[in-house]
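*Asks:* Data: input10.pdb, PDB, C-alpha atoms and all ligand atoms.
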```pdb
ATOM      1  CA  MET A 124    -178.694 104.781 152.159  1.00  0.00           C
ATOM      2  CA  ARG A 125    -177.825 101.150 151.431  1.00  0.00           C
ATOM      3  CA  LEU A 126    -178.516  98.381 153.934  1.00  0.00           C
ATOM      4  CA  TYR A 127    -176.153  95.422 153.713  1.00  0.00           C
ATOM      5  CA  ILE A 128    -177.147  92.364 155.706  1.00  0.00           C
ATOM      6  CA  ASN A 129    -174.464  90.299 157.418  1.00  0.00           C
ATOM      7  CA  VAL A 130    -175.464  86.619 157.413  1.00  0.00           C
ATOM      8  CA  ASP A 131    -172.474  85.270 159.394  1.00  0.00           C
ATOM      9  CA  HIS A 132    -174.599  84.185 162.328  1.00  0.00           C
ATOM     10  CA  ILE A 133    -176.825  81.988 160.204  1.00  0.00           C
ATOM     11  CA  ALA A 134    -173.598  80.069 159.607  1.00  0.00           C
ATOM     12  CA  THR A 135    -172.765  80.203 163.327  1.00  0.00           C
ATOM     13  CA  VAL A 136    -175.926  78.186 164.052  1.00  0.00           C
ATOM     14  CA  ARG A 137    -175.075  75.710 161.289  1.00  0.00           C
ATOM     15  CA  GLN A 138    -171.505  75.260 162.517  1.00  0.00           C
ATOM     16  CA  ALA A 139    -172.773  74.582 166.065  1.00  0.00           C
ATOM     17  CA  ARG A 140    -174.124  71.262 164.715  1.00  0.00           C
ATOM     18  CA  GLY A 141    -171.831  70.735 161.754  1.00  0.00           C
ATOM     19  CA  THR A 142    -174.812  70.006 159.488  1.00  0.00           C
ATOM     20  CA  ASP A 143    -176.008  71.841 156.390  1.00  0.00           C
ATOM     21  CA  GLU A 144    -178.711  73.995 157.994  1.00  0.00           C
ATOM     22  CA  PRO A 145    -179.404  76.826 158.294  1.00  0.00           C
ATOM     23  CA  ASP A 146    -177.681  77.797 155.049  1.00  0.00           C
ATOM     24  CA  PRO A 147    -176.376  81.388 154.807  1.00  0.00           C
ATOM     25  CA  VAL A 148    -176.880  81.256 151.041  1.00  0.00           C
ATOM     26  CA  ARG A 149    -180.621  80.705 151.494  1.00  0.00           C
ATOM     27  CA  ALA A 150    -180.576  83.453 154.110  1.00  0.00           C
ATOM     28  CA  ALA A 151    -178.964  85.790 151.600  1.00  0.00           C
ATOM     29  CA  VAL A 152    -181.750  85.132 149.076  1.00  0.00           C
ATOM     30  CA  LEU A 153    -184.404  85.904 151.705  1.00  0.00           C
ATOM     31  CA  ALA A 154    -182.518  89.019 152.811  1.00  0.00           C
ATOM     32  CA  GLU A 155    -182.556  90.239 149.222  1.00  0.00           C
ATOM     33  CA  LEU A 156    -186.289  89.545 148.985  1.00  0.00           C
ATOM     34  CA  GLY A 157    -186.665  91.640 152.141  1.00  0.00           C
ATOM     35  CA  GLY A 158    -184.932  94.570 150.501  1.00  0.00           C
ATOM     36  CA  ALA A 159    -181.256  94.105 151.382  1.00  0.00           C
ATOM     37  CA  ASP A 160    -179.039  96.195 149.134  1.00  0.00           C
ATOM     38  CA  GLY A 161    -176.207  93.720 149.520  1.00  0.00           C
ATOM     39  CA  ILE A 162    -174.929  90.754 151.498  1.00  0.00           C
ATOM     40  CA  THR A 163    -171.973  90.927 153.852  1.00  0.00           C
ATOM     41  CA  VAL A 164    -169.985  87.944 155.095  1.00  0.00           C
ATOM     42  CA  HIS A 165    -166.800  87.715 157.096  1.00  0.00           C
ATOM     43  CA  LEU A 166    -164.628  84.822 155.964  1.00  0.00           C
ATOM     44  CA  ARG A 167    -162.505  84.416 159.058  1.00  0.00           C
ATOM     45  CA  GLU A 168    -159.106  82.764 158.888  1.00  0.00           C
ATOM     46  CA  ASP A 169    -160.321  80.210 161.472  1.00  0.00           C
ATOM     47  CA  ARG A 170    -163.526  79.576 159.428  1.00  0.00           C
ATOM     48  CA  ARG A 171    -165.621  79.680 162.583  1.00  0.00           C
ATOM     49  CA  HIS A 172    -168.825  80.532 160.725  1.00  0.00           C
ATOM     50  CA  ILE A 173    -168.693  81.360 157.018  1.00  0.00           C
ATOM     51  CA  GLN A 174    -166.883  78.727 154.909  1.00  0.00           C
ATOM     52  CA  THR A 175    -165.123  78.985 151.564  1.00  0.00           C
ATOM     53  CA  ARG A 176    -168.047  77.033 150.065  1.00  0.00           C
ATOM     54  CA  ASP A 177    -170.464  79.716 151.254  1.00  0.00           C
ATOM     55  CA  VAL A 178    -168.575  82.501 149.507  1.00  0.00           C
ATOM     56  CA  ASP A 179    -168.297  80.395 146.330  1.00  0.00           C
ATOM     57  CA  LEU A 180    -172.078  79.951 146.286  1.00  0.00           C
ATOM     58  CA  LEU A 181    -172.893  83.498 147.361  1.00  0.00           C
ATOM     59  CA  MET A 182    -170.810  84.816 144.484  1.00  0.00           C
ATOM     60  CA  ARG A 183    -173.035  82.837 142.101  1.00  0.00           C
ATOM     61  CA  THR A 184    -176.345  83.486 143.876  1.00  0.00           C
ATOM     62  CA  VAL A 185    -176.433  87.020 145.227  1.00  0.00           C
ATOM     63  CA  ARG A 186    -177.942  89.468 142.752  1.00  0.00           C
ATOM     64  CA  THR A 187    -177.256  92.672 144.681  1.00  0.00           C
ATOM     65  CA  GLY A 188    -173.593  92.421 145.614  1.00  0.00           C
ATOM     66  CA  VAL A 189    -171.325  90.654 148.069  1.00  0.00           C
ATOM     67  CA  ASN A 190    -169.269  92.649 150.547  1.00  0.00           C
ATOM     68  CA  LEU A 191    -166.565  90.247 151.686  1.00  0.00           C
ATOM     69  CA  GLU A 192    -164.890  91.034 154.995  1.00  0.00           C
ATOM     70  CA  ILE A 193    -161.398  89.609 155.342  1.00  0.00           C
ATOM     71  CA  ALA A 194    -158.149  90.124 157.207  1.00  0.00           C
ATOM     72  CA  ALA A 195    -155.485  91.901 155.165  1.00  0.00           C
ATOM     73  CA  SER A 196    -153.330  88.764 154.988  1.00  0.00           C
ATOM     74  CA  SER A 197    -151.968  87.575 151.702  1.00  0.00           C
ATOM     75  CA  PRO A 198    -153.872  84.231 151.536  1.00  0.00           C
ATOM     76  CA  MET A 199    -157.187  85.962 152.241  1.00  0.00           C
ATOM     77  CA  VAL A 200    -156.496  88.759 149.776  1.00  0.00           C
ATOM     78  CA  GLU A 201    -155.634  86.208 147.077  1.00  0.00           C
ATOM     79  CA  LEU A 202    -158.911  84.362 147.692  1.00  0.00           C
ATOM     80  CA  ALA A 203    -160.819  87.646 147.391  1.00  0.00           C
ATOM     81  CA  ALA A 204    -158.884  88.593 144.255  1.00  0.00           C
ATOM     82  CA  ASP A 205    -160.065  85.321 142.664  1.00  0.00           C
ATOM     83  CA  TRP A 206    -163.695  85.855 143.672  1.00  0.00           C
ATOM     84  CA  ARG A 207    -163.765  89.543 142.771  1.00  0.00           C
ATOM     85  CA  PRO A 208    -166.810  90.453 144.893  1.00  0.00           C
ATOM     86  CA  ALA A 209    -168.502  93.823 144.514  1.00  0.00           C
ATOM     87  CA  ALA A 210    -166.630  95.018 147.592  1.00  0.00           C
ATOM     88  CA  VAL A 211    -164.053  93.881 150.110  1.00  0.00           C
ATOM     89  CA  THR A 212    -163.820  95.315 153.600  1.00  0.00           C
ATOM     90  CA  LEU A 213    -160.501  94.776 155.321  1.00  0.00           C
ATOM     91  CA  VAL A 214    -160.927  94.115 159.033  1.00  0.00           C
ATOM     92  CA  PRO A 215    -158.536  93.320 161.885  1.00  0.00           C
ATOM     93  CA  GLU A 216    -158.759  89.756 163.119  1.00  0.00           C
ATOM     94  CA  ARG A 217    -157.688  88.119 166.347  1.00  0.00           C
ATOM     95  CA  ARG A 218    -158.447  84.458 166.837  1.00  0.00           C
ATOM     96  CA  GLU A 219    -159.415  84.785 170.479  1.00  0.00           C
ATOM     97  CA  GLU A 220    -161.960  87.572 169.923  1.00  0.00           C
ATOM     98  CA  ILE A 221    -165.711  86.833 169.865  1.00  0.00           C
ATOM     99  CA  THR A 222    -166.300  89.493 167.235  1.00  0.00           C
ATOM    100  CA  THR A 223    -164.267  92.218 165.523  1.00  0.00           C
ATOM    101  CA  GLU A 224    -163.319  94.352 168.479  1.00  0.00           C
ATOM    102  CA  GLY A 225    -161.727  97.431 166.993  1.00  0.00           C
ATOM    103  CA  GLY A 226    -160.785  99.084 163.740  1.00  0.00           C
ATOM    104  CA  LEU A 227    -157.650  98.478 161.688  1.00  0.00           C
ATOM    105  CA  ALA A 228    -154.417  99.940 163.076  1.00  0.00           C
ATOM    106  CA  LEU A 229    -153.201 101.954 160.093  1.00  0.00           C
ATOM    107  CA  THR A 230    -149.689 102.603 161.391  1.00  0.00           C
ATOM    108  CA  GLY A 231    -146.392 100.798 160.782  1.00  0.00           C
ATOM    109  CA  SER A 232    -146.707  97.289 159.388  1.00  0.00           C
ATOM    110  CA  GLY A 233    -150.532  97.406 159.652  1.00  0.00           C
ATOM    111  CA  ARG A 234    -150.622 100.354 157.282  1.00  0.00           C
ATOM    112  CA  ALA A 235    -148.209  98.671 154.863  1.00  0.00           C
ATOM    113  CA  ARG A 236    -150.300  95.476 154.839  1.00  0.00           C
ATOM    114  CA  ALA A 237    -153.521  97.407 154.261  1.00  0.00           C
ATOM    115  CA  ALA A 238    -151.953  99.461 151.449  1.00  0.00           C
ATOM    116  CA  GLU A 239    -150.694  96.323 149.729  1.00  0.00           C
ATOM    117  CA  ALA A 240    -154.108  94.644 150.029  1.00  0.00           C
ATOM    118  CA  VAL A 241    -155.940  97.717 148.714  1.00  0.00           C
ATOM    119  CA  SER A 242    -153.776  97.979 145.612  1.00  0.00           C
ATOM    120  CA  ARG A 243    -153.926  94.222 144.933  1.00  0.00           C
ATOM    121  CA  LEU A 244    -157.741  94.226 145.172  1.00  0.00           C
ATOM    122  CA  GLN A 245    -158.203  97.438 143.230  1.00  0.00           C
ATOM    123  CA  ALA A 246    -156.057  95.925 140.456  1.00  0.00           C
ATOM    124  CA  GLU A 247    -158.817  93.295 140.172  1.00  0.00           C
ATOM    125  CA  GLY A 248    -161.459  96.005 140.038  1.00  0.00           C
ATOM    126  CA  VAL A 249    -162.700  95.376 143.594  1.00  0.00           C
ATOM    127  CA  ARG A 250    -163.926  98.371 145.604  1.00  0.00           C
ATOM    128  CA  THR A 251    -162.024  98.201 148.864  1.00  0.00           C
ATOM    129  CA  SER A 252    -163.075  99.575 152.216  1.00  0.00           C
ATOM    130  CA  LEU A 253    -161.163  99.778 155.500  1.00  0.00           C
ATOM    131  CA  PHE A 254    -162.925  99.114 158.811  1.00  0.00           C
ATOM    132  CA  ILE A 255    -161.596 101.783 161.159  1.00  0.00           C
ATOM    133  CA  ASP A 256    -162.367 103.407 164.474  1.00  0.00           C
ATOM    134  CA  PRO A 257    -163.902 106.874 164.204  1.00  0.00           C
ATOM    135  CA  ASP A 258    -160.669 108.831 164.598  1.00  0.00           C
ATOM    136  CA  SER A 259    -159.223 111.416 162.251  1.00  0.00           C
ATOM    137  CA  ASN A 260    -155.756 109.823 161.960  1.00  0.00           C
ATOM    138  CA  SER A 261    -157.243 106.576 160.715  1.00  0.00           C
ATOM    139  CA  VAL A 262    -159.451 108.440 158.226  1.00  0.00           C
ATOM    140  CA  ARG A 263    -156.473 110.368 156.853  1.00  0.00           C
ATOM    141  CA  ALA A 264    -154.405 107.192 156.630  1.00  0.00           C
ATOM    142  CA  ALA A 265    -157.229 105.440 154.747  1.00  0.00           C
ATOM    143  CA  ALA A 266    -157.345 108.313 152.241  1.00  0.00           C
ATOM    144  CA  GLU A 267    -153.549 108.303 151.826  1.00  0.00           C
ATOM    145  CA  ILE A 268    -153.582 104.553 151.221  1.00  0.00           C
ATOM    146  CA  GLY A 269    -156.102 105.134 148.432  1.00  0.00           C
ATOM    147  CA  ALA A 270    -159.023 103.097 149.815  1.00  0.00           C
ATOM    148  CA  ASP A 271    -162.357 103.592 148.071  1.00  0.00           C
ATOM    149  CA  ALA A 272    -164.298 103.681 151.329  1.00  0.00           C
ATOM    150  CA  ILE A 273    -164.099 103.433 155.077  1.00  0.00           C
ATOM    151  CA  GLU A 274    -166.472 101.616 157.373  1.00  0.00           C
ATOM    152  CA  LEU A 275    -166.719 103.380 160.713  1.00  0.00           C
ATOM    153  CA  HIS A 276    -166.745 100.990 163.676  1.00  0.00           C
ATOM    154  CA  THR A 277    -169.892 101.814 165.634  1.00  0.00           C
ATOM    155  CA  GLY A 278    -169.091  99.467 168.527  1.00  0.00           C
ATOM    156  CA  GLU A 279    -168.087 102.210 170.949  1.00  0.00           C
ATOM    157  CA  TYR A 280    -171.328 104.054 170.164  1.00  0.00           C
ATOM    158  CA  ALA A 281    -173.375 100.870 170.574  1.00  0.00           C
ATOM    159  CA  ASN A 282    -171.703 100.034 173.896  1.00  0.00           C
ATOM    160  CA  SER A 283    -171.920 103.532 175.397  1.00  0.00           C
ATOM    161  CA  GLU A 284    -173.736 103.363 178.687  1.00  0.00           C
ATOM    162  CA  THR A 285    -174.954 106.902 179.312  1.00  0.00           C
ATOM    163  CA  PRO A 286    -176.860 109.342 177.098  1.00  0.00           C
ATOM    164  CA  HIS A 287    -173.889 111.713 177.362  1.00  0.00           C
ATOM    165  CA  ALA A 288    -171.410 109.076 176.185  1.00  0.00           C
ATOM    166  CA  ARG A 289    -173.790 108.105 173.409  1.00  0.00           C
ATOM    167  CA  ARG A 290    -174.099 111.707 172.205  1.00  0.00           C
ATOM    168  CA  ASP A 291    -170.296 112.072 172.202  1.00  0.00           C
ATOM    169  CA  ALA A 292    -169.933 108.849 170.268  1.00  0.00           C
ATOM    170  CA  VAL A 293    -172.462 109.946 167.616  1.00  0.00           C
ATOM    171  CA  GLN A 294    -170.656 113.265 167.306  1.00  0.00           C
ATOM    172  CA  ARG A 295    -167.345 111.473 166.766  1.00  0.00           C
ATOM    173  CA  LEU A 296    -168.937 109.314 164.086  1.00  0.00           C
ATOM    174  CA  ALA A 297    -170.461 112.373 162.402  1.00  0.00           C
ATOM    175  CA  ASP A 298    -167.190 114.354 162.518  1.00  0.00           C
ATOM    176  CA  THR A 299    -165.109 111.534 161.092  1.00  0.00           C
ATOM    177  CA  ALA A 300    -167.761 110.842 158.461  1.00  0.00           C
ATOM    178  CA  ASP A 301    -167.563 114.506 157.363  1.00  0.00           C
ATOM    179  CA  LEU A 302    -163.780 114.388 157.264  1.00  0.00           C
ATOM    180  CA  ALA A 303    -163.800 111.175 155.233  1.00  0.00           C
ATOM    181  CA  ALA A 304    -166.361 112.448 152.735  1.00  0.00           C
ATOM    182  CA  GLY A 305    -164.304 115.654 152.352  1.00  0.00           C
ATOM    183  CA  LEU A 306    -161.284 113.485 151.485  1.00  0.00           C
ATOM    184  CA  GLY A 307    -163.295 111.704 148.789  1.00  0.00           C
ATOM    185  CA  LEU A 308    -163.935 108.464 150.685  1.00  0.00           C
ATOM    186  CA  SER A 309    -167.301 106.713 150.651  1.00  0.00           C
ATOM    187  CA  VAL A 310    -168.520 106.276 154.208  1.00  0.00           C
ATOM    188  CA  HIS A 311    -170.020 103.078 155.616  1.00  0.00           C
ATOM    189  CA  ALA A 312    -170.758 102.182 159.234  1.00  0.00           C
ATOM    190  CA  GLY A 313    -171.515  99.118 161.263  1.00  0.00           C
ATOM    191  CA  HIS A 314    -171.054  96.833 164.231  1.00  0.00           C
ATOM    192  CA  GLY A 315    -173.360  96.465 167.177  1.00  0.00           C
ATOM    193  CA  LEU A 316    -176.197  98.403 165.556  1.00  0.00           C
ATOM    194  CA  THR A 317    -179.645  97.314 166.722  1.00  0.00           C
ATOM    195  CA  TYR A 318    -183.303  98.160 166.137  1.00  0.00           C
ATOM    196  CA  GLU A 319    -183.051 100.417 169.192  1.00  0.00           C
ATOM    197  CA  ASN A 320    -179.826 102.310 168.440  1.00  0.00           C
ATOM    198  CA  VAL A 321    -179.587 102.514 164.636  1.00  0.00           C
ATOM    199  CA  THR A 322    -181.528 105.759 164.071  1.00  0.00           C
ATOM    200  CA  PRO A 323    -178.870 108.365 164.993  1.00  0.00           C
ATOM    201  CA  VAL A 324    -176.222 106.574 162.907  1.00  0.00           C
ATOM    202  CA  ALA A 325    -178.568 106.173 159.941  1.00  0.00           C
ATOM    203  CA  GLY A 326    -179.150 109.933 160.179  1.00  0.00           C
ATOM    204  CA  ILE A 327    -175.487 110.897 159.694  1.00  0.00           C
ATOM    205  CA  GLY A 328    -175.459 112.583 156.275  1.00  0.00           C
ATOM    206  CA  PRO A 329    -172.300 111.197 154.648  1.00  0.00           C
ATOM    207  CA  VAL A 330    -172.973 107.609 155.770  1.00  0.00           C
ATOM    208  CA  GLU A 331    -174.175 105.845 152.647  1.00  0.00           C
ATOM    209  CA  GLU A 332    -174.108 102.213 153.754  1.00  0.00           C
ATOM    210  CA  LEU A 333    -174.834 100.301 156.957  1.00  0.00           C
ATOM    211  CA  ASN A 334    -173.697  96.747 157.635  1.00  0.00           C
ATOM    212  CA  ILE A 335    -175.940  95.021 160.158  1.00  0.00           C
ATOM    213  CA  GLY A 336    -176.036  91.369 161.170  1.00  0.00           C
ATOM    214  CA  HIS A 337    -176.473  90.076 164.686  1.00  0.00           C
ATOM    215  CA  THR A 338    -179.570  92.029 165.644  1.00  0.00           C
ATOM    216  CA  ILE A 339    -181.395  91.024 162.444  1.00  0.00           C
ATOM    217  CA  VAL A 340    -180.583  87.334 162.841  1.00  0.00           C
ATOM    218  CA  SER A 341    -181.657  87.611 166.496  1.00  0.00           C
ATOM    219  CA  ARG A 342    -184.957  89.249 165.533  1.00  0.00           C
ATOM    220  CA  ALA A 343    -185.556  86.666 162.812  1.00  0.00           C
ATOM    221  CA  VAL A 344    -185.373  83.857 165.379  1.00  0.00           C
ATOM    222  CA  PHE A 345    -188.315  85.349 167.232  1.00  0.00           C
ATOM    223  CA  THR A 346    -190.352  86.532 164.295  1.00  0.00           C
ATOM    224  CA  GLY A 347    -190.016  83.047 162.770  1.00  0.00           C
ATOM    225  CA  LEU A 348    -190.135  80.752 165.802  1.00  0.00           C
ATOM    226  CA  GLU A 349    -193.899  80.565 166.253  1.00  0.00           C
ATOM    227  CA  ARG A 350    -194.458  79.519 162.642  1.00  0.00           C
ATOM    228  CA  ALA A 351    -191.584  77.048 162.808  1.00  0.00           C
ATOM    229  CA  VAL A 352    -193.108  75.328 165.844  1.00  0.00           C
ATOM    230  CA  ARG A 353    -196.547  75.275 164.221  1.00  0.00           C
ATOM    231  CA  GLU A 354    -195.137  73.574 161.118  1.00  0.00           C
ATOM    232  CA  MET A 355    -193.367  70.882 163.151  1.00  0.00           C
ATOM    233  CA  LYS A 356    -196.461  70.313 165.287  1.00  0.00           C
ATOM    234  CA  GLU A 357    -198.576  69.801 162.170  1.00  0.00           C
ATOM    235  CA  ILE A 358    -196.171  67.142 160.876  1.00  0.00           C
ATOM    236  CA  VAL A 359    -196.024  65.349 164.223  1.00  0.00           C
ATOM    237  CA  LEU A 360    -199.813  65.351 164.655  1.00  0.00           C
ATOM    238  CA  ARG A 361    -200.375  64.287 161.042  1.00  0.00           C
ATOM    239  CA  ALA A 362    -198.131  61.247 161.649  1.00  0.00           C
ATOM    240  CA  ARG A 363    -200.588  60.189 164.381  1.00  0.00           C
ATOM    241  CA  GLY A 364    -203.602  60.766 162.163  1.00  0.00           C
ATOM    242  CA  SER A 365    -204.838  63.682 164.244  1.00  0.00           C
TER
HETATM  243  N1  LIG B   1    -169.187  95.521 159.946  1.00  0.00           N
HETATM  244  C1  LIG B   1    -168.073  94.809 160.206  1.00  0.00           C
HETATM  245  C2  LIG B   1    -166.781  95.248 159.593  1.00  0.00           C
HETATM  246  C3  LIG B   1    -168.119  93.660 161.014  1.00  0.00           C
HETATM  247  O1  LIG B   1    -166.992  92.965 161.261  1.00  0.00           O
HETATM  248  C4  LIG B   1    -169.371  93.251 161.530  1.00  0.00           C
HETATM  249  C5  LIG B   1    -169.458  92.026 162.361  1.00  0.00           C
HETATM  250  O2  LIG B   1    -169.054  90.918 161.634  1.00  0.00           O
HETATM  251  C6  LIG B   1    -170.506  94.002 161.214  1.00  0.00           C
HETATM  252  C7  LIG B   1    -170.387  95.152 160.441  1.00  0.00           C
HETATM  253  C8  LIG B   1    -171.869  93.621 161.681  1.00  0.00           C
HETATM  254  O3  LIG B   1    -171.939  93.738 163.057  1.00  0.00           O
HETATM  255  P1  LIG B   1    -173.232  93.207 163.830  1.00  0.00           P
HETATM  256  O4  LIG B   1    -173.293  91.729 163.611  1.00  0.00           O
HETATM  257  O5  LIG B   1    -172.936  93.575 165.249  1.00  0.00           O
HETATM  258  O6  LIG B   1    -174.405  93.909 163.257  1.00  0.00           O
END
```
Show how you would write the structure in this file as structure tokens.
Ligand code: PXP
*Replies:*
Amino acid sequence: MRLYINVDHIATVRQARGTDEPDPVRAAVLAELGGADGITVHLREDRRHIQTRDVDLLMRTVRTGVNLEIAASSPMVELAADWRPAAVTLVPERREEITTEGGLALTGSGRARAAEAVSRLQAEGVRTSLFIDPDSNSVRAAAEIGADAIELHTGEYANSETPHARRDAVQRLADTADLAAGLGLSVHAGHGLTYENVTPVAGIGPVEELNIGHTIVSRAVFTGLERAVREMKEIVLRARGS
């Protein structure tokens, strides 16, 4: 099982001030030291967190591999084709959403766009994954398009409010993971996974990669805050000779 760490929300904090800290590239190095198997970033069309500069630097810094999440639009696909990261995950994008709310719609023009993006990226040697909801039609469409992998959207599982709903959601993830693996697709999963809810998803046999971001950045704030305050206090007291 590979654990890819999404460092988007390090950039969210930076963008809130428009300064140069905290830097997602430094975060990526620390994540690798902590055992990350790869670094995931979502370069949104509106550049709300990760910037082009970040991906440029990550491509030169990350030793494990960059999984670049992008919309399947031609300008984004051309950027990714130039960078040639270890993997690209195509995701749906709506400007008004807070985070990626659902999987790709692999019907009609959405399917055609995804197919075009997959073949363009594969021509550059980039492994390409499609972020989809855990439903069999989407899995079959992903296989027909020729994607290398799917990433199952775990948001519905993460948001389920009762144990019953949660069990159903895990079962759906497990069933679609089996179907996908049977069709020769690599299976990834992510979105909304936390320290509390990750275990059942990590236990699904065919799932070989998890992409996790928000909960790890959130935890890091608290595991690091005490030391951060201590360091500032030392500097302030030293300035007063005490
Ligand atoms: N996978 C995909 C495709 C995503 O879009 C995101 C969120 O950017 C994640 C995984 C990580 O989700 P979270 O930040 O909730 O862990």
*Asks:* Excluding stretch 130-141 of chain A and its own-chain neighbours fewer than 3 positions away, which residues fall within 7 Å of it when counting only C-alpha atoms? Please give them as a count of residues only.
*Replies:* 14
*Asks:* What do you get as number ranges by chain if you pick all residues at most 10 Å from ligand LIG 1 (chain B), counting all atoms listed in the file?
*Replies:* A: 127-132, 163-167, 190-193, 211-216, 221-227, 252-255, 273-278, 281, 311-317, 333-341
*Asks:* Please measure the separation of atom CA of A:Asp258 and atom CA of A:Asp298, giving the value in Å to one decimal.
*Replies:*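 We find that atom CA of A:Asp258 and atom CA of A:Asp298 lie 8.8 Å from each other.
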*Asks:* By how many Å are atom CA of A:Pro329 and atom CA of A:Ala270 apart?
*Replies:*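 For atom CA of A:Pro329 relative to atom CA of A:Ala270, the distance reads 16.3 Å.
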*Asks:* Mind checking which residues fall within 8 Å of A:Ala204, counting all atoms listed in the file, ignoring those fewer than 4 positions away in the same chain, and posting them as a list of chain:residue names?
*Replies:*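 Contacts, in chain order: A:Val200, A:Arg243, A:Leu244, A:Glu247, A:Val249.
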*Asks:* Atom CA of A:Arg234 to atom CA of A:Ala265: how many Å, to one decimal?
*Replies:*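 Taking atom CA of A:Arg234 as the start and atom CA of A:Ala265 as the end point, the length is 8.7 Å.
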*Asks:* In the coordinate frame of the file, compute which residues have an atom within 12 Å of (-184.8, 89.9, 151.7) when using only C-alpha atoms, and state them as a list in words.
*Replies:* Leu126, Tyr127, Ile128, Asn129, Val130, Val148, Arg149, Ala150, Ala151, Val152, Leu153, Ala154, Glu155, Leu156, Gly157, Gly158, Ala159, Asp160, Gly161, Ile162, Val185, Arg186, Thr187, Ile339 and Ala343 of chain A
*Asks:* Pick the closest to A:Ala209 from A:Thr251, A:Thr142, A:Asn260, A:Thr285: which is it, counting all atoms listed in the file?
*Replies:*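 Looking at the shortest contact to A:Ala209, the residue is A:Thr251.
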*Asks:* Find the residue from A:Asp169, A:Asp271, A:Glu239, A:Glu349 that sits nearest to A:Glu220; use all atoms listed in the file when measuring.
*Replies:*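 For A:Glu220, the nearest of the given residues is A:Asp169.
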*Asks:* Give as a ChimeraX atom specification the residues that the PyMOL selection byres (((chain A and resi 304) around 12) and not hetatm) matches when applied to the coordinates above.
*Replies:* /A:259,262-263,265-266,271-274,297-303,305-311,327-331
*Asks:* Provide an axis-aligned box for all listed atoms of stretch 193-209 of chain A, padding each side by 3 Å; report its centre and its edge lengths in Å to one decimal, as JSON.
*Replies:*
```
{"center_x": -160.2, "center_y": 89.0, "center_z": 149.9, "size_x": 22.5, "size_y": 15.6, "size_z": 20.5}
```
*Asks:* Quick one: which residues end up in the PyMOL selection byres (((chain A and resi 179) around 12) and not hetatm) for this structure, as a VMD selection string?
*Replies:* chain A and resid 147 to 148 164 166 173 to 178 180 to 185 189 191 202 to 203 205 to 208
*Asks:* Include C-alpha atoms and write out the residues we just selected as a JSON list (two decimals), in the frame of the given file.
*Replies:*
```
[["chain", "number", "residue", "atom", "x", "y", "z"],
["A", 147, "PRO", "CA", -176.38, 81.39, 154.81],
["A", 148, "VAL", "CA", -176.88, 81.26, 151.04],
["A", 164, "VAL", "CA", -169.98, 87.94, 155.10],
["A", 166, "LEU", "CA", -164.63, 84.82, 155.96],
["A", 173, "ILE", "CA", -168.69, 81.36, 157.02],
["A", 174, "GLN", "CA", -166.88, 78.73, 154.91],
["A", 175, "THR", "CA", -165.12, 78.98, 151.56],
["A", 176, "ARG", "CA", -168.05, 77.03, 150.06],
["A", 177, "ASP", "CA", -170.46, 79.72, 151.25],
["A", 178, "VAL", "CA", -168.58, 82.50, 149.51],
["A", 180, "LEU", "CA", -172.08, 79.95, 146.29],
["A", 181, "LEU", "CA", -172.89, 83.50, 147.36],
["A", 182, "MET", "CA", -170.81, 84.82, 144.48],
["A", 183, "ARG", "CA", -173.04, 82.84, 142.10],
["A", 184, "THR", "CA", -176.34, 83.49, 143.88],
["A", 185, "VAL", "CA", -176.43, 87.02, 145.23],
["A", 189, "VAL", "CA", -171.32, 90.65, 148.07],
["A", 191, "LEU", "CA", -166.56, 90.25, 151.69],
["A", 202, "LEU", "CA", -158.91, 84.36, 147.69],
["A", 203, "ALA", "CA", -160.82, 87.65, 147.39],
["A", 205, "ASP", "CA", -160.06, 85.32, 142.66],
["A", 206, "TRP", "CA", -163.70, 85.86, 143.67],
["A", 207, "ARG", "CA", -163.76, 89.54, 142.77],
["A", 208, "PRO", "CA", -166.81, 90.45, 144.89]]
```
*Asks:* Find the residue from A:Glu201, A:Asp143, A:Ser365, A:Tyr280 that sits nearest to A:Ala246; use all atoms listed in the file when measuring.
*Replies:* A:Glu201
*Asks:* For a quick check of understanding, using only C-alpha atoms, which of A:Arg353, A:Arg171, A:Arg342, A:Arg289 has the smallest distance to A:Val324?
*Replies:*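 Of A:Arg353, A:Arg171, A:Arg342, A:Arg289, the one nearest A:Val324 is A:Arg289, counting only C-alpha atoms.
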